[in-house]
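Structure first, then comments.
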Amino acid sequence: MTGHVAVIDIGKTNAKLVLVDRETLAEVAVITRPNTVLPGPPWPHFDVEGHWAFLLEGLRDFHAVHGIDAISVTTHGACAALLDSNGNLAAPILDYEFSGPDDLAGDYDAIRPPFADTGSPKLAGGLNIGAQLYWQFQMDPELKDRTHQIVTYPQFWGARLTGVKATDATSLGCHTDLWNPAEGAFSSLVAALGITEKMAPVRKPSDLLGPILPHIVDVTGLPPATPVYCGIHDSNASLLPYILAETPPYSVVSTGTWVVAMSIGGKNATLDPDLDTLINVTALGRPAPSARFMGGREHDVATGGDSPSPTPQDLEHIVSNQIMLMPAVVPETGPFKGQNARWIGAEPEIGTGKRGAAVALYLALVTAECLSSIGHEGSIIVEGPFAGNQTYLDILRIVTGSDVRRSLGSTGTSAGAALLVDGATTPPLAEVNPMSISDKNSAELLGYAAQWLHIVKA
């Protein structure tokens, strides 16, 4: 089916508006703005009004040039909006990296459901939405009374476009403590927080919320009947094309600020919440064992800036000299959280291919550990920015012994969100073209990986 889907794609680092061809899922146009956190008061929060002005202007311009037939939404998780009786924010939307909720962690733990019920590990700051809400209600005793409905973040944008309030299971199932994946229902925490009647109805990500509001028509020039779909958590948006097209077992590695590995049909694995494993809920409502680390953030910190793409010789130098970046560059997340990053051997200079090779090795080895912890079997599909890092892909292929493929789209989250619109088709995947790594060098790389893991776990 021909036509264009405008996808509102709010990541932790950048807010994007992406125009997607509904037939090919090709990205016709993309605009971005930084997802800058405002300092407060009353707490660090997202610049939703800045995003809103940016999105309306983008919708207007995209429609004028290309035409827009539908709107879909995908956003980062760990985010909820508290709306008053007029549909406005009852309080600014808290930045989940703010450490304030940690101050009340002991009190919150007393009402928090166990990992076995929710698949949500205990996380720092506001990464558990339940912890956010508990802290916010304590900091502002009148906030709960002002709150008429609570929506998850994709549906916040849907509500602004249509006036219809909702939540969705992929966002509720993203380490919120609010959802029981096995039962497909709210966890006991919702009642414990006293918000049962305030949670907006749970809808499927592919549900049609409704047409855009009249004032949106006036500002953007979009047709009054333009449909808006419910929306989806970004990692699950990345997963959706493969849920629809692939035969299990396989795993999808969604990369961006966060690297999230999700296993579909893999081996049974006992998830350890201390290793940043969790249960995600797919767009079809099914549990998916997952593991994650802040890989995009770690890449930016560890590289220290732009560097040329590593050559095979750069990688060989790092491996043969046993130069290792040890975890964790962002110590608050991942399978090695709590450890402090350090270099073993001569630290490569910033801005060199050798630095890039060492960082790619580090990221691939942490990704492999994530995959191991969730029972990965079969092929690995990498989407997002890391899909363009050939060194990372080759290392991941060798150390996991798995076929590794990459998504052709540069914004897998946007393609997945566009698939929520009836009539869209799944994107093609490309086999990775392996870098020229000899059997000898592959064996050395496996030895390097074993030594790296031995040091980490020692």
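Identifiers in the structure tokens: chain A, B, ... in order shown; residue index from 1 per chain; ligand index from 1 in order shown.
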Contacts of Gly375 in chain A at 8 Å (only C-alpha atoms; same-chain gap of 3+ positions) as a PyMOL selection string: chain A and resi 263+266-269+371-372
So that I can see what lies close to Val65 in chain A, please list as an mmCIF file with C-alpha atoms, in the first residue's frame the residues with an atom at most 12 Å from it, counting only C-alpha atoms and leaving out residues fewer than 6 positions away in the same chain.
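That gives us around.cif:
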data_model
loop_
_atom_site.group_PDB
_atom_site.id
_atom_site.type_symbol
_atom_site.label_atom_id
_atom_site.label_comp_id
_atom_site.auth_asym_id
_atom_site.auth_seq_id
_atom_site.Cartn_x
_atom_site.Cartn_y
_atom_site.Cartn_z
ATOM 1 C CA HIS A 4 3.646 7.973 3.937
ATOM 2 C CA LEU A 19 8.684 10.230 7.178
ATOM 3 C CA VAL A 28 11.900 9.658 2.942
ATOM 4 C CA ALA A 29 12.834 12.515 5.277
ATOM 5 C CA GLY A 58 7.879 19.131 10.863
ATOM 6 C CA LEU A 59 4.441 17.652 10.236
ATOM 7 C CA GLY A 221 -2.564 21.483 7.098
ATOM 8 C CA LEU A 222 -3.083 17.734 7.506
#
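Using only C-alpha atoms, the shortest contact distance between Ala237 in chain A and any of A:Ala64, A:Ser72, A:Ala53, A:Ile212 is found at A:Ser72.
Nearest to Cys79 in chain A of all the residues A:Leu38, A:Ile129, A:Val190, A:Val30 is A:Ile129, counting only C-alpha atoms.
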Counting only C-alpha atoms, the residue among A:Ala341, A:Ile150, A:Leu393, A:Leu446 that lies closest to Gln322 in chain A is A:Leu446
I need the strand (DSSP E) residues of range 129-269 of chain A per DSSP on the backbone, written as number ranges by chain. A: 149-152, 167-168, 179-180, 185-186, 202-203, 208-211, 227-229, 232-233, 250-254, 259-264
At most 9 Å is the cut-off: for each residue in range 328-433 of chain A with any atom that close to an atom of range 292-299 of chain A, write down the nearest atom pair and the distance in Å rounded to one decimal, counting only C-alpha atoms, chain first then increasing number, as a tab-separated table.
residue	atom	partner	partner_atom	distance
A:Ala328	CA	A:Glu298	CA	8.3
A:Val329	CA	A:Glu298	CA	5.5
A:Val330	CA	A:Glu298	CA	6.0
A:Glu332	CA	A:Met294	CA	8.7
A:Thr333	CA	A:Phe293	CA	5.3
A:Gly334	CA	A:Phe293	CA	4.0
A:Pro335	CA	A:Phe293	CA	7.2
A:Phe336	CA	A:Phe293	CA	9.0
A:Lys337	CA	A:Phe293	CA	8.7
A:Val359	CA	A:His299	CA	6.8
A:Ala360	CA	A:His299	CA	8.1
A:Leu363	CA	A:Gly295	CA	6.7
A:Val366	CA	A:Phe293	CA	8.2
A:Thr367	CA	A:Arg292	CA	8.1
A:Cys370	CA	A:Arg292	CA	6.6
A:Pro385	CA	A:Gly296	CA	8.4
A:Phe386	CA	A:Gly296	CA	8.4
Restrict the calculation to only C-alpha atoms, then for each residue of range 37-147 of chain A with any atom at most 10 Å from an atom of range 195-210 of chain A give the closest atom pair and their distance in Å to one decimal, rows by chain and rising residue number, as JSON lines.
{"residue": "A:Ile71", "atom": "CA", "partner": "A:Leu208", "partner_atom": "CA", "distance": 9.9}
{"residue": "A:Ser72", "atom": "CA", "partner": "A:Ser206", "partner_atom": "CA", "distance": 8.9}
{"residue": "A:Val73", "atom": "CA", "partner": "A:Pro205", "partner_atom": "CA", "distance": 9.1}
{"residue": "A:Thr74", "atom": "CA", "partner": "A:Pro205", "partner_atom": "CA", "distance": 9.5}
{"residue": "A:Leu82", "atom": "CA", "partner": "A:Lys198", "partner_atom": "CA", "distance": 9.1}
{"residue": "A:Leu83", "atom": "CA", "partner": "A:Lys198", "partner_atom": "CA", "distance": 9.4}
{"residue": "A:Leu133", "atom": "CA", "partner": "A:Ile195", "partner_atom": "CA", "distance": 9.7}
{"residue": "A:Lys144", "atom": "CA", "partner": "A:Ile195", "partner_atom": "CA", "distance": 8.2}
{"residue": "A:Thr147", "atom": "CA", "partner": "A:Lys198", "partner_atom": "CA", "distance": 7.4}
Excluding Pro287 in chain A and residues on its chain fewer than 2 positions from it, collect all residues at most 9 Å away from it, counting only C-alpha atoms, and give them as JSON, numbers by chain. {"A": [173, 181, 182, 279, 280, 281, 282, 285, 289]}
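Closest approach to Pro42 in chain A among A:Gly304, A:Pro92, A:Gly3, A:Gly87 is made by A:Pro92 (distances from only C-alpha atoms).
Closest to His66 in chain A among A:Ala185, A:Ala357, A:Val20, A:Ile350 is A:Val20, based on only C-alpha atoms.
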I want to know what sits within 10 Å of Phe98 in chain A, based on only C-alpha atoms, with residues of the same chain fewer than 5 positions away left out; could you give that as JSON, numbers by chain? {"A": [43, 44, 45, 124, 125, 126, 127, 132]}
Saved selection, atoms kept: C-alpha atoms, as an mmCIF file, in the first residue's frame:
data_model
loop_
_atom_site.group_PDB
_atom_site.id
_atom_site.type_symbol
_atom_site.label_atom_id
_atom_site.label_comp_id
_atom_site.auth_asym_id
_atom_site.auth_seq_id
_atom_site.Cartn_x
_atom_site.Cartn_y
_atom_site.Cartn_z
ATOM 1 C CA TRP A 43 12.818 18.363 38.955
ATOM 2 C CA PRO A 44 14.881 17.706 35.810
ATOM 3 C CA HIS A 45 12.390 17.156 33.018
ATOM 4 C CA ALA A 124 18.829 3.357 39.521
ATOM 5 C CA GLY A 125 17.130 6.742 39.515
ATOM 6 C CA GLY A 126 13.801 6.750 37.746
ATOM 7 C CA LEU A 127 14.439 3.827 35.399
ATOM 8 C CA GLN A 132 9.394 7.710 39.734
#
Determine, counting only C-alpha atoms, which protein, DNA and RNA residues have an atom within 10 Å of an atom of Ala443 in chain A; residues of the same chain fewer than 5 positions away are not included. Present the result as a compact mmCIF listing (two decimals) with C-alpha atoms, in the first residue's frame.
# COMPACT_ATOMS: atom_id res chain seq x y z
CA ILE A 398 33.11 -14.53 15.64
CA VAL A 399 32.71 -14.47 19.41
CA ILE A 437 39.75 -12.00 9.08
CA SER A 438 41.85 -15.12 8.63
CA TYR A 448 41.34 -12.44 23.37
CA ALA A 449 37.63 -12.65 24.17
Report, in Å to a single decimal, how far apart CA of Ala15 in chain A and CA of Thr32 in chain A are. 5.6 Å
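Taking CA of Leu244 in chain A and CA of Ala368 in chain A as the two end points, the separation is 24.4 Å.
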